[in-house]
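One structure below.
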Amino acid sequence: PELASAHLYDAWGANDRTTALRNATQAAVDLLLRGERGTLTAVGCAPDPVLGRGHFICTYAFEGGVVNMQTSGNATDGYYVESASFVAD
């Protein structure tokens with residue numbers, strides 16, 4: 001899940017919609033690429049306690065909140081970002 005979220009993070013920074021869509025849903029890409037990325041710190045990925053096996057929440061922190069990227073998949077087939085959300089402190 002870390003590589004999938006990092007791929008979207010990098011594409012967001014480059015404002016590269018085509019690259020972002022390689023491993024993220026249209027909804028996640030639309031949300032993130034509607035504005036500049038700014039400076040964020042990768043916090044890491046953790047299993048999603050609600051959705052369970054194969055689902056992770058990858059978090060990037062910024063001053064005043066975080067961006068969560070919901071990833072899904074497995075080590076064999078790979079991971080992709082299903083959705084993204086901003087959470088204010």
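Each chain in the structure tokens gets a letter, A, B, ..., in the order shown, and its residues are numbered from 1; ligands are numbered from 1 in order too.
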Practice item. Do a neighbour search on segment 47-59 of chain A at 12 Å with only C-alpha atoms, toss out local chain neighbours closer than 2 positions, and write the hits as a ChimeraX atom specification. Key: /A:1-9,40-45,61-62,65-87
Exercise for review: Compile the contact shell of Gln26 of chain A as a list in words: residues with an atom at most 12 Å away, counting only C-alpha atoms, same-chain residues fewer than 2 positions apart removed.
Suggested key: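 After dropping sequence-adjacent residues, the list is Leu8, Arg17, Thr18, Thr19, Ala20, Leu21, Arg22, Asn23, Ala24, Ala28, Val29, Asp30, Leu31, Leu32, Leu33, Arg34, Tyr80, Val81, Glu82, Ser83 and Ala84 of chain A.
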Take the residues that were just selected and, keeping N, CA and C atoms, output them as a JSON list (two decimals), in the first residue's frame.
```json
[["chain", "number", "residue", "atom", "x", "y", "z"],
["A", 8, "LEU", "N", 0.62, 8.02, -6.04],
["A", 8, "LEU", "CA", -0.39, 9.07, -6.17],
["A", 8, "LEU", "C", 0.13, 10.38, -5.59],
["A", 17, "ARG", "N", -2.24, 13.95, -13.93],
["A", 17, "ARG", "CA", -3.47, 13.18, -13.83],
["A", 17, "ARG", "C", -3.34, 11.80, -14.48],
["A", 18, "THR", "N", -2.70, 11.71, -15.63],
["A", 18, "THR", "CA", -2.56, 10.44, -16.34],
["A", 18, "THR", "C", -1.80, 9.42, -15.50],
["A", 19, "THR", "N", -0.69, 9.84, -14.92],
["A", 19, "THR", "CA", 0.09, 8.95, -14.07],
["A", 19, "THR", "C", -0.68, 8.58, -12.81],
["A", 20, "ALA", "N", -1.38, 9.55, -12.23],
["A", 20, "ALA", "CA", -2.14, 9.30, -11.01],
["A", 20, "ALA", "C", -3.21, 8.23, -11.23],
["A", 21, "LEU", "N", -3.83, 8.23, -12.40],
["A", 21, "LEU", "CA", -4.91, 7.29, -12.69],
["A", 21, "LEU", "C", -4.43, 5.86, -12.93],
["A", 22, "ARG", "N", -3.13, 5.64, -12.99],
["A", 22, "ARG", "CA", -2.61, 4.28, -13.19],
["A", 22, "ARG", "C", -2.89, 3.37, -12.01],
["A", 23, "ASN", "N", -2.97, 3.93, -10.81],
["A", 23, "ASN", "CA", -3.24, 3.08, -9.65],
["A", 23, "ASN", "C", -4.12, 3.77, -8.61],
["A", 24, "ALA", "N", -5.01, 4.63, -9.10],
["A", 24, "ALA", "CA", -5.97, 5.28, -8.20],
["A", 24, "ALA", "C", -7.28, 5.50, -8.93],
["A", 28, "ALA", "N", -10.47, 9.62, -6.30],
["A", 28, "ALA", "CA", -9.29, 9.99, -5.50],
["A", 28, "ALA", "C", -8.44, 11.00, -6.24],
["A", 29, "VAL", "N", -8.23, 10.78, -7.52],
["A", 29, "VAL", "CA", -7.43, 11.69, -8.33],
["A", 29, "VAL", "C", -8.10, 13.05, -8.43],
["A", 30, "ASP", "N", -9.40, 13.07, -8.68],
["A", 30, "ASP", "CA", -10.12, 14.34, -8.79],
["A", 30, "ASP", "C", -10.01, 15.16, -7.52],
["A", 31, "LEU", "N", -10.14, 14.52, -6.37],
["A", 31, "LEU", "CA", -10.07, 15.23, -5.10],
["A", 31, "LEU", "C", -8.69, 15.85, -4.88],
["A", 32, "LEU", "N", -7.65, 15.06, -5.07],
["A", 32, "LEU", "CA", -6.30, 15.55, -4.76],
["A", 32, "LEU", "C", -5.77, 16.53, -5.80],
["A", 33, "LEU", "N", -6.01, 16.26, -7.07],
["A", 33, "LEU", "CA", -5.41, 17.10, -8.11],
["A", 33, "LEU", "C", -6.20, 18.38, -8.39],
["A", 34, "ARG", "N", -7.20, 18.67, -7.58],
["A", 34, "ARG", "CA", -7.90, 19.94, -7.78],
["A", 34, "ARG", "C", -7.17, 21.10, -7.12],
["A", 80, "TYR", "N", -4.02, -0.36, -5.01],
["A", 80, "TYR", "CA", -4.44, 0.88, -5.65],
["A", 80, "TYR", "C", -5.16, 1.74, -4.62],
["A", 81, "VAL", "N", -5.22, 3.03, -4.90],
["A", 81, "VAL", "CA", -5.88, 3.97, -3.99],
["A", 81, "VAL", "C", -7.34, 4.06, -4.40],
["A", 82, "GLU", "N", -8.22, 3.69, -3.49],
["A", 82, "GLU", "CA", -9.66, 3.72, -3.75],
["A", 82, "GLU", "C", -10.25, 5.10, -3.52],
["A", 83, "SER", "N", -9.78, 5.78, -2.48],
["A", 83, "SER", "CA", -10.33, 7.10, -2.15],
["A", 83, "SER", "C", -9.33, 7.90, -1.35],
["A", 84, "ALA", "N", -9.60, 9.18, -1.23],
["A", 84, "ALA", "CA", -8.75, 10.07, -0.44],
["A", 84, "ALA", "C", -9.66, 11.01, 0.34]]
```
Practice item. Would you list, as a PyMOL selection string, the residues of segment 1-84 of chain A that end up in alpha helix (DSSP H) under DSSP run on this structure's backbone? Key: chain A and resi 2-13+17-20+26-32
Practice item. Write out as an MDAnalysis selection string all residues of chain A that backbone DSSP assigns to strand (DSSP E or B). Key: chainID A and resid 24 41:47 55:62 65:74 78:88
Kindly save the residues from that selection, with C-alpha atoms included, as a PDB file, in the first residue's frame.
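Final output, saved to part03.pdb:
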```
ATOM      1  CA  ALA A  24      -5.967   5.278  -8.200  1.00  0.00           C
ATOM      2  CA  THR A  41       4.991  14.299   5.725  1.00  0.00           C
ATOM      3  CA  ALA A  42       4.433  10.596   5.115  1.00  0.00           C
ATOM      4  CA  VAL A  43       3.166   9.030   8.342  1.00  0.00           C
ATOM      5  CA  GLY A  44       2.766   5.505   6.962  1.00  0.00           C
ATOM      6  CA  CYS A  45       0.102   2.925   6.223  1.00  0.00           C
ATOM      7  CA  ALA A  46      -1.932   0.908   8.703  1.00  0.00           C
ATOM      8  CA  PRO A  47      -4.568  -1.804   8.274  1.00  0.00           C
ATOM      9  CA  HIS A  55      -7.470  -2.571   3.084  1.00  0.00           C
ATOM     10  CA  PHE A  56      -5.090   0.062   4.418  1.00  0.00           C
ATOM     11  CA  ILE A  57      -5.168   3.736   5.318  1.00  0.00           C
ATOM     12  CA  CYS A  58      -2.033   5.606   4.231  1.00  0.00           C
ATOM     13  CA  THR A  59      -1.612   8.968   5.923  1.00  0.00           C
ATOM     14  CA  TYR A  60       0.237  12.147   4.992  1.00  0.00           C
ATOM     15  CA  ALA A  61       0.339  14.964   7.555  1.00  0.00           C
ATOM     16  CA  PHE A  62       0.359  18.702   6.982  1.00  0.00           C
ATOM     17  CA  GLY A  65      -4.505  18.048   9.435  1.00  0.00           C
ATOM     18  CA  VAL A  66      -3.889  14.930   7.385  1.00  0.00           C
ATOM     19  CA  VAL A  67      -4.671  13.398   4.017  1.00  0.00           C
ATOM     20  CA  ASN A  68      -5.804   9.773   4.225  1.00  0.00           C
ATOM     21  CA  MET A  69      -5.524   7.534   1.181  1.00  0.00           C
ATOM     22  CA  GLN A  70      -7.651   4.393   1.392  1.00  0.00           C
ATOM     23  CA  THR A  71      -5.765   1.614  -0.415  1.00  0.00           C
ATOM     24  CA  SER A  72      -6.866  -1.870  -1.342  1.00  0.00           C
ATOM     25  CA  GLY A  73      -5.231  -4.934  -2.845  1.00  0.00           C
ATOM     26  CA  ASN A  74      -2.677  -7.592  -2.032  1.00  0.00           C
ATOM     27  CA  GLY A  78      -0.655  -4.965  -6.162  1.00  0.00           C
ATOM     28  CA  TYR A  79      -2.480  -2.122  -4.458  1.00  0.00           C
ATOM     29  CA  TYR A  80      -4.436   0.876  -5.652  1.00  0.00           C
ATOM     30  CA  VAL A  81      -5.876   3.969  -3.993  1.00  0.00           C
ATOM     31  CA  GLU A  82      -9.662   3.718  -3.751  1.00  0.00           C
ATOM     32  CA  SER A  83     -10.334   7.096  -2.149  1.00  0.00           C
ATOM     33  CA  ALA A  84      -8.753  10.068  -0.444  1.00  0.00           C
ATOM     34  CA  SER A  85      -9.940  12.418   2.271  1.00  0.00           C
ATOM     35  CA  PHE A  86      -8.756  15.477   4.143  1.00  0.00           C
ATOM     36  CA  VAL A  87      -9.131  15.551   7.923  1.00  0.00           C
ATOM     37  CA  ALA A  88      -8.554  18.769   9.871  1.00  0.00           C
TER      38      ALA A  88
END
```
